[in-house]
$ cat my_file.txt   # compact mmCIF, N, CA and C atoms
# COMPACT_ATOMS: atom_id res chain seq x y z
N MET A 1 -9.11 16.30 -8.69
CA MET A 1 -8.34 15.20 -8.14
C MET A 1 -6.96 15.21 -8.76
N LYS A 2 -5.97 14.91 -7.94
CA LYS A 2 -4.59 14.81 -8.43
C LYS A 2 -4.09 13.40 -8.21
N THR A 3 -3.23 12.95 -9.13
CA THR A 3 -2.66 11.61 -9.01
C THR A 3 -1.14 11.68 -9.02
N LYS A 4 -0.52 10.70 -8.36
CA LYS A 4 0.93 10.56 -8.36
C LYS A 4 1.28 9.08 -8.31
N MET A 5 2.24 8.69 -9.16
CA MET A 5 2.79 7.34 -9.10
C MET A 5 4.01 7.40 -8.19
N LEU A 6 4.09 6.47 -7.22
CA LEU A 6 5.19 6.46 -6.26
C LEU A 6 5.78 5.08 -6.14
N GLU A 7 6.95 5.02 -5.52
CA GLU A 7 7.68 3.77 -5.30
C GLU A 7 7.82 3.56 -3.79
N ILE A 8 7.15 2.54 -3.26
CA ILE A 8 7.28 2.21 -1.84
C ILE A 8 8.41 1.21 -1.71
N ARG A 9 9.33 1.50 -0.80
CA ARG A 9 10.47 0.60 -0.56
C ARG A 9 10.50 0.22 0.91
N ASP A 10 10.83 -1.03 1.17
CA ASP A 10 11.03 -1.55 2.51
C ASP A 10 12.09 -2.64 2.40
N ARG A 11 12.29 -3.41 3.44
CA ARG A 11 13.29 -4.48 3.37
C ARG A 11 12.98 -5.39 2.18
N MET A 12 13.90 -5.46 1.24
CA MET A 12 13.78 -6.36 0.08
C MET A 12 12.45 -6.20 -0.66
N THR A 13 11.91 -4.99 -0.66
CA THR A 13 10.59 -4.76 -1.25
C THR A 13 10.59 -3.49 -2.09
N MET A 14 9.96 -3.58 -3.26
CA MET A 14 9.68 -2.41 -4.08
C MET A 14 8.26 -2.57 -4.60
N ILE A 15 7.41 -1.59 -4.27
CA ILE A 15 6.00 -1.66 -4.64
C ILE A 15 5.62 -0.40 -5.41
N PRO A 16 5.25 -0.52 -6.69
CA PRO A 16 4.75 0.64 -7.42
C PRO A 16 3.28 0.87 -7.06
N VAL A 17 2.93 2.12 -6.76
CA VAL A 17 1.56 2.45 -6.38
C VAL A 17 1.08 3.70 -7.11
N LEU A 18 -0.22 3.82 -7.20
CA LEU A 18 -0.87 5.02 -7.70
C LEU A 18 -1.63 5.63 -6.54
N CYS A 19 -1.46 6.92 -6.33
CA CYS A 19 -2.16 7.63 -5.27
C CYS A 19 -3.06 8.68 -5.90
N ILE A 20 -4.28 8.75 -5.40
CA ILE A 20 -5.26 9.71 -5.89
C ILE A 20 -5.76 10.53 -4.71
N GLU A 21 -5.62 11.84 -4.83
CA GLU A 21 -6.11 12.73 -3.79
C GLU A 21 -7.62 12.90 -3.97
N LEU A 22 -8.38 12.51 -2.96
CA LEU A 22 -9.84 12.62 -3.00
C LEU A 22 -10.29 13.72 -2.04
N GLY A 23 -11.46 14.25 -2.25
CA GLY A 23 -12.01 15.25 -1.33
C GLY A 23 -11.99 16.65 -1.90
N ASN A 24 -11.25 16.85 -2.97
CA ASN A 24 -11.22 18.15 -3.63
C ASN A 24 -11.75 17.99 -5.05
N ALA A 25 -13.01 17.59 -5.14
CA ALA A 25 -13.61 17.34 -6.45
C ALA A 25 -13.69 18.62 -7.27
N ASP A 26 -13.56 18.46 -8.58
CA ASP A 26 -13.59 19.60 -9.50
C ASP A 26 -15.00 20.09 -9.80
N THR A 27 -16.00 19.26 -9.55
CA THR A 27 -17.38 19.63 -9.87
C THR A 27 -18.30 19.33 -8.70
N ALA A 28 -19.48 19.93 -8.74
CA ALA A 28 -20.48 19.66 -7.70
C ALA A 28 -20.90 18.19 -7.74
N ALA A 29 -20.99 17.63 -8.93
CA ALA A 29 -21.37 16.22 -9.05
C ALA A 29 -20.30 15.32 -8.43
N GLY A 30 -19.04 15.63 -8.69
CA GLY A 30 -17.95 14.86 -8.11
C GLY A 30 -17.93 14.95 -6.60
N TYR A 31 -18.14 16.16 -6.08
CA TYR A 31 -18.17 16.36 -4.63
C TYR A 31 -19.33 15.57 -4.02
N TYR A 32 -20.49 15.62 -4.64
CA TYR A 32 -21.65 14.88 -4.16
C TYR A 32 -21.34 13.39 -4.07
N LEU A 33 -20.72 12.83 -5.10
CA LEU A 33 -20.42 11.40 -5.12
C LEU A 33 -19.41 11.02 -4.04
N LEU A 34 -18.42 11.88 -3.82
CA LEU A 34 -17.46 11.61 -2.75
C LEU A 34 -18.15 11.61 -1.39
N VAL A 35 -18.99 12.60 -1.15
CA VAL A 35 -19.71 12.68 0.13
C VAL A 35 -20.61 11.46 0.31
N ARG A 36 -21.28 11.04 -0.76
CA ARG A 36 -22.13 9.84 -0.68
C ARG A 36 -21.31 8.59 -0.37
N ALA A 37 -20.03 8.60 -0.77
CA ALA A 37 -19.14 7.48 -0.46
C ALA A 37 -18.52 7.61 0.93
N GLY A 38 -18.86 8.69 1.65
CA GLY A 38 -18.34 8.88 3.00
C GLY A 38 -17.03 9.64 3.05
N ILE A 39 -16.65 10.27 1.95
CA ILE A 39 -15.39 11.00 1.90
C ILE A 39 -15.71 12.49 1.83
N ASP A 40 -15.69 13.15 2.99
CA ASP A 40 -16.01 14.58 3.02
C ASP A 40 -14.82 15.41 3.48
N TYR A 41 -13.64 14.87 3.34
CA TYR A 41 -12.40 15.56 3.71
C TYR A 41 -11.31 15.07 2.76
N PRO A 42 -10.28 15.87 2.52
CA PRO A 42 -9.21 15.41 1.63
C PRO A 42 -8.53 14.15 2.19
N THR A 43 -8.40 13.17 1.37
CA THR A 43 -7.76 11.91 1.75
C THR A 43 -7.10 11.30 0.52
N ILE A 44 -6.33 10.27 0.73
CA ILE A 44 -5.60 9.62 -0.36
C ILE A 44 -6.13 8.21 -0.58
N LEU A 45 -6.48 7.91 -1.82
CA LEU A 45 -6.79 6.55 -2.22
C LEU A 45 -5.49 5.96 -2.74
N LEU A 46 -5.00 4.92 -2.08
CA LEU A 46 -3.75 4.28 -2.49
C LEU A 46 -4.10 3.00 -3.23
N VAL A 47 -3.62 2.89 -4.46
CA VAL A 47 -3.88 1.73 -5.30
C VAL A 47 -2.59 0.93 -5.42
N SER A 48 -2.65 -0.32 -4.98
CA SER A 48 -1.50 -1.22 -5.08
C SER A 48 -1.67 -2.10 -6.30
N PHE A 49 -0.72 -2.03 -7.21
CA PHE A 49 -0.78 -2.87 -8.39
C PHE A 49 -0.42 -4.31 -8.05
N THR A 50 0.41 -4.52 -7.03
CA THR A 50 0.85 -5.87 -6.69
C THR A 50 -0.19 -6.64 -5.88
N LYS A 51 -1.08 -5.92 -5.20
CA LYS A 51 -2.13 -6.59 -4.42
C LYS A 51 -3.50 -6.50 -5.08
N ASP A 52 -3.59 -5.77 -6.21
CA ASP A 52 -4.88 -5.55 -6.87
C ASP A 52 -5.91 -5.04 -5.85
N LYS A 53 -5.50 -4.00 -5.12
CA LYS A 53 -6.33 -3.48 -4.03
C LYS A 53 -6.20 -1.96 -3.99
N ALA A 54 -7.31 -1.29 -3.62
CA ALA A 54 -7.31 0.15 -3.45
C ALA A 54 -7.96 0.47 -2.10
N VAL A 55 -7.30 1.33 -1.31
CA VAL A 55 -7.75 1.59 0.06
C VAL A 55 -7.68 3.08 0.37
N VAL A 56 -8.66 3.58 1.11
CA VAL A 56 -8.67 4.97 1.57
C VAL A 56 -8.12 5.07 2.99
N ASN A 57 -8.45 4.12 3.85
CA ASN A 57 -8.02 4.13 5.24
C ASN A 57 -6.71 3.36 5.39
N PRO A 58 -5.62 4.02 5.79
CA PRO A 58 -4.32 3.34 5.90
C PRO A 58 -4.35 2.09 6.79
N TYR A 59 -5.21 2.06 7.79
CA TYR A 59 -5.25 0.93 8.72
C TYR A 59 -5.91 -0.31 8.13
N GLU A 60 -6.56 -0.17 6.99
CA GLU A 60 -7.18 -1.32 6.33
C GLU A 60 -6.15 -2.24 5.67
N TRP A 61 -4.92 -1.75 5.48
CA TRP A 61 -3.91 -2.57 4.81
C TRP A 61 -3.52 -3.78 5.65
N GLY A 62 -3.41 -3.60 6.96
CA GLY A 62 -3.08 -4.71 7.83
C GLY A 62 -1.62 -5.13 7.82
N ASP A 63 -0.74 -4.30 7.26
CA ASP A 63 0.69 -4.59 7.37
C ASP A 63 1.48 -3.29 7.48
N ARG A 64 2.67 -3.41 8.01
CA ARG A 64 3.48 -2.23 8.34
C ARG A 64 3.87 -1.45 7.10
N THR A 65 4.23 -2.10 6.02
CA THR A 65 4.72 -1.42 4.83
C THR A 65 3.65 -0.50 4.24
N TYR A 66 2.50 -1.06 3.92
CA TYR A 66 1.44 -0.26 3.30
C TYR A 66 0.87 0.77 4.27
N GLN A 67 0.65 0.38 5.51
CA GLN A 67 0.07 1.31 6.49
C GLN A 67 0.98 2.51 6.72
N THR A 68 2.28 2.26 6.92
CA THR A 68 3.23 3.35 7.14
C THR A 68 3.31 4.25 5.91
N ALA A 69 3.42 3.64 4.73
CA ALA A 69 3.53 4.41 3.49
C ALA A 69 2.28 5.26 3.28
N HIS A 70 1.12 4.66 3.43
CA HIS A 70 -0.14 5.37 3.19
C HIS A 70 -0.28 6.57 4.14
N SER A 71 0.00 6.36 5.42
CA SER A 71 -0.07 7.46 6.40
C SER A 71 0.92 8.56 6.07
N PHE A 72 2.14 8.17 5.70
CA PHE A 72 3.18 9.14 5.34
C PHE A 72 2.76 9.96 4.11
N ILE A 73 2.21 9.28 3.12
CA ILE A 73 1.78 9.97 1.90
C ILE A 73 0.67 10.97 2.22
N GLU A 74 -0.30 10.58 3.05
CA GLU A 74 -1.37 11.51 3.42
C GLU A 74 -0.81 12.75 4.12
N LEU A 75 0.11 12.55 5.04
CA LEU A 75 0.67 13.68 5.81
C LEU A 75 1.57 14.58 4.97
N ASN A 76 2.18 14.04 3.93
CA ASN A 76 3.18 14.78 3.16
C ASN A 76 2.79 14.99 1.70
N TRP A 77 1.52 14.83 1.38
CA TRP A 77 1.05 14.89 -0.01
C TRP A 77 1.55 16.12 -0.76
N GLY A 78 1.53 17.26 -0.13
CA GLY A 78 1.91 18.50 -0.79
C GLY A 78 3.37 18.60 -1.20
N THR A 79 4.24 17.82 -0.56
CA THR A 79 5.67 17.88 -0.89
C THR A 79 6.16 16.67 -1.68
N ILE A 80 5.33 15.66 -1.80
CA ILE A 80 5.71 14.45 -2.53
C ILE A 80 5.55 14.70 -4.03
N GLN A 81 6.56 14.27 -4.79
CA GLN A 81 6.55 14.42 -6.25
C GLN A 81 6.34 13.06 -6.92
N GLU A 82 5.79 13.09 -8.13
CA GLU A 82 5.64 11.87 -8.92
C GLU A 82 6.98 11.14 -9.00
N GLY A 83 6.97 9.84 -8.72
CA GLY A 83 8.17 9.02 -8.81
C GLY A 83 8.99 8.97 -7.53
N ASP A 84 8.61 9.72 -6.50
CA ASP A 84 9.37 9.71 -5.24
C ASP A 84 9.38 8.32 -4.62
N VAL A 85 10.42 8.09 -3.82
CA VAL A 85 10.55 6.86 -3.06
C VAL A 85 10.01 7.10 -1.65
N ILE A 86 9.11 6.23 -1.22
CA ILE A 86 8.59 6.26 0.14
C ILE A 86 9.29 5.10 0.85
N ASP A 87 10.34 5.44 1.61
CA ASP A 87 11.22 4.45 2.23
C ASP A 87 10.77 4.19 3.67
N ILE A 88 10.17 3.03 3.88
CA ILE A 88 9.60 2.69 5.19
C ILE A 88 10.67 2.59 6.27
N GLU A 89 11.78 1.94 5.99
CA GLU A 89 12.84 1.83 7.00
C GLU A 89 13.37 3.20 7.40
N PHE A 90 13.51 4.10 6.44
CA PHE A 90 13.97 5.46 6.73
C PHE A 90 12.94 6.22 7.55
N ILE A 91 11.67 6.13 7.17
CA ILE A 91 10.59 6.81 7.90
C ILE A 91 10.55 6.35 9.35
N LEU A 92 10.74 5.05 9.58
CA LEU A 92 10.66 4.50 10.93
C LEU A 92 11.97 4.63 11.71
N GLY A 93 12.98 5.25 11.10
CA GLY A 93 14.25 5.46 11.78
C GLY A 93 15.13 4.22 11.87
N GLU A 94 14.86 3.22 11.05
CA GLU A 94 15.64 1.99 11.07
C GLU A 94 16.92 2.10 10.24
N THR A 95 16.94 3.05 9.31
CA THR A 95 18.14 3.34 8.52
C THR A 95 18.37 4.84 8.54
N LYS A 96 19.61 5.23 8.29
CA LYS A 96 19.96 6.65 8.32
C LYS A 96 19.94 7.29 6.94
N GLU A 97 19.96 6.46 5.91
CA GLU A 97 20.01 6.97 4.54
C GLU A 97 18.81 6.46 3.75
N LYS A 98 18.14 7.37 3.07
CA LYS A 98 16.97 7.02 2.28
C LYS A 98 17.38 6.24 1.03
N LYS A 99 16.62 5.21 0.72
CA LYS A 99 16.89 4.41 -0.48
C LYS A 99 16.68 5.24 -1.74
N LYS A 100 17.44 4.91 -2.76
CA LYS A 100 17.26 5.53 -4.08
C LYS A 100 16.24 4.71 -4.85
N SER A 101 15.67 5.32 -5.86
CA SER A 101 14.70 4.62 -6.70
C SER A 101 15.34 3.40 -7.35
N GLU A 102 14.58 2.35 -7.43
CA GLU A 102 15.06 1.14 -8.08
C GLU A 102 15.37 1.40 -9.55
N ARG A 103 14.73 2.39 -10.14
CA ARG A 103 14.98 2.66 -11.56
C ARG A 103 16.42 3.12 -11.80
N PHE A 104 17.11 3.59 -10.76
CA PHE A 104 18.51 4.01 -10.89
C PHE A 104 19.49 2.89 -10.55
N THR A 105 19.00 1.75 -10.07
CA THR A 105 19.89 0.67 -9.63
C THR A 105 19.81 -0.57 -10.48
N THR A 106 18.90 -0.61 -11.46
CA THR A 106 18.78 -1.81 -12.29
C THR A 106 19.24 -1.55 -13.69
$ encode --input "my_file.txt" --output "structure tokens"
Amino acid sequence: MKTKMLEIRDRMTMIPVLCIELGNADTAAGYYLLVRAGIDYPTILLVSFTKDKAVVNPYEWGDRTYQTAHSFIELNWGTIQEGDVIDIEFILGETKEKKKSERFTT
């Protein structure tokens, strides 16, 4: 399993999240437990520190920010780096320039 800490940004929003790639267990025991949990394909567990919630299915979030970010992260996992900004407005074509990390603006 691989993990990455990311920064989700949207209108007036900054959300720190932890993402865990599931489905590629390192051991037979780990693989067995994932399959028993219904995860038999690579997927992302997104953990929101601000909502105290962890979700595998992007549609379970029930809002545009988390759902868009989660889907984007799953589709682009291989190119996303620790600390990257997942800019919802940019992804949806609402802005032309991607936001910079809040760590560079405060």
$ atom_distance --input "my_file.txt" --atom1 "CA of Ile88 (chain A)" --atom2 "CA of Thr68 (chain A)"
6.7 Å
$ residues_around --input "my_file.txt" --residues "Arg9 (chain A)" --least-positions-apart "4" --cutoff "6.5 Å" --atoms "all atoms listed in the file" --output "PyMOL selection string"
chain A and resi 13-15+85-89
$ residues_near_point --input "my_file.txt" --point "(-8.0, 3.3, -2.4)" --cutoff "6 Å" --atoms "only C-alpha atoms" --output "number ranges by chain"
A: 45-47, 54-56
$ atom_distance --input "my_file.txt" --atom1 "CA of Ile73 (chain A)" --atom2 "CA of Thr27 (chain A)"
24.5 Å
$ atom_distance --input "my_file.txt" --atom1 "atom N of Lys96 (chain A)" --atom2 "CA of Gln81 (chain A)"
21.6 Å
$ residues_around --input "my_file.txt" --residues "Glu102 (chain A)" --least-positions-apart "2" --cutoff "8 Å" --atoms "all atoms listed in the file" --output "list in words"
Glu7, Met14, Val85, Lys99, Lys100, Phe104, Thr105 and Thr106 of chain A
$ select_by_dssp --input "my_file.txt" --residues "chain A" --states "alpha helix (DSSP H)" --output "NGL selection string"
:A and (28-36 or 64-76 or 88-91)
$ select_by_dssp --input "my_file.txt" --residues "chain A" --states "strand (DSSP E)" --output "ChimeraX atom specification"
/A:2-10,13-22,43-48,53-55,85-87
$ decode --input "my_file.txt" --residues "region 6-95 of chain A" --atoms "C-alpha atoms" --output "compact mmCIF listing (two decimals), in the first residue's frame"
# COMPACT_ATOMS: atom_id res chain seq x y z
CA LEU A 6 -2.59 16.00 -0.52
CA GLU A 7 -4.19 19.43 -0.42
CA ILE A 8 -7.71 19.73 -1.86
CA ARG A 9 -8.60 23.28 -2.87
CA ASP A 10 -11.93 24.72 -3.98
CA ARG A 11 -13.69 28.06 -3.58
CA MET A 12 -12.50 29.41 -0.22
CA THR A 13 -11.58 25.87 0.83
CA MET A 14 -8.40 24.04 1.77
CA ILE A 15 -8.73 20.44 2.93
CA PRO A 16 -5.73 18.31 3.98
CA VAL A 17 -6.30 14.63 3.18
CA LEU A 18 -4.51 11.31 3.38
CA CYS A 19 -4.89 8.92 0.46
CA ILE A 20 -4.12 5.22 0.68
CA GLU A 21 -3.88 3.03 -2.40
CA LEU A 22 -5.69 -0.24 -1.68
CA GLY A 23 -5.84 -3.40 -3.76
CA ASN A 24 -2.11 -3.99 -4.11
CA ALA A 25 -1.48 -5.69 -0.78
CA ASP A 26 2.09 -6.66 0.06
CA THR A 27 1.14 -10.03 1.56
CA ALA A 28 -1.34 -12.83 0.98
CA ALA A 29 -2.94 -12.01 4.33
CA GLY A 30 -3.36 -8.37 3.34
CA TYR A 31 -4.84 -9.32 -0.02
CA TYR A 32 -7.26 -11.74 1.68
CA LEU A 33 -8.47 -9.02 4.07
CA LEU A 34 -8.99 -6.54 1.24
CA VAL A 35 -11.01 -9.07 -0.75
CA ARG A 36 -13.08 -9.90 2.34
CA ALA A 37 -13.80 -6.16 2.63
CA GLY A 38 -15.00 -6.16 -1.00
CA ILE A 39 -11.91 -4.50 -2.45
CA ASP A 40 -10.56 -6.72 -5.21
CA TYR A 41 -9.22 -3.98 -7.49
CA PRO A 42 -6.86 -1.05 -6.94
CA THR A 43 -8.75 1.85 -5.39
CA ILE A 44 -8.08 4.87 -3.18
CA LEU A 45 -9.20 5.25 0.42
CA LEU A 46 -9.49 9.00 0.98
CA VAL A 47 -9.27 10.12 4.61
CA SER A 48 -10.56 13.58 5.45
CA PHE A 49 -9.14 15.04 8.62
CA THR A 50 -11.73 17.84 8.65
CA LYS A 51 -14.72 15.49 8.41
CA ASP A 52 -13.26 12.61 10.47
CA LYS A 53 -14.33 10.32 7.63
CA ALA A 54 -12.68 7.77 5.33
CA VAL A 55 -14.30 6.65 2.06
CA VAL A 56 -13.43 4.25 -0.77
CA ASN A 57 -16.29 5.15 -3.14
CA PRO A 58 -16.06 8.79 -4.36
CA TYR A 59 -19.86 9.02 -4.65
CA GLU A 60 -20.31 8.39 -0.93
CA TRP A 61 -19.02 11.89 -0.13
CA GLY A 62 -22.21 13.56 -1.31
CA ASP A 63 -20.60 16.86 -2.29
CA ARG A 64 -18.82 18.23 -5.33
CA THR A 65 -15.49 19.02 -3.68
CA TYR A 66 -14.75 15.60 -2.19
CA GLN A 67 -16.36 13.61 -5.00
CA THR A 68 -14.45 15.45 -7.75
CA ALA A 69 -11.16 15.30 -5.83
CA HIS A 70 -11.52 11.60 -4.99
CA SER A 71 -12.34 10.65 -8.60
CA PHE A 72 -9.46 12.77 -9.92
CA ILE A 73 -7.02 11.21 -7.45
CA GLU A 74 -8.08 7.68 -8.46
CA LEU A 75 -7.65 8.45 -12.17
CA ASN A 76 -4.29 10.21 -11.73
CA TRP A 77 -2.74 8.33 -8.80
CA GLY A 78 0.43 7.44 -10.69
CA THR A 79 1.31 11.06 -11.48
CA ILE A 80 0.22 12.71 -8.23
CA GLN A 81 3.02 13.53 -5.78
CA GLU A 82 2.90 13.95 -2.00
CA GLY A 83 1.79 17.51 -1.20
CA ASP A 84 0.18 18.19 -4.60
CA VAL A 85 -2.79 20.52 -4.85
CA ILE A 86 -6.01 19.00 -6.17
CA ASP A 87 -7.78 22.13 -7.46
CA ILE A 88 -11.48 21.44 -8.02
CA GLU A 89 -12.23 24.69 -9.87
CA PHE A 90 -9.31 24.02 -12.25
CA ILE A 91 -10.33 20.38 -12.80
CA LEU A 92 -13.90 21.45 -13.63
CA GLY A 93 -12.68 24.18 -16.01
CA GLU A 94 -14.01 27.02 -13.85
CA THR A 95 -10.57 28.67 -13.64
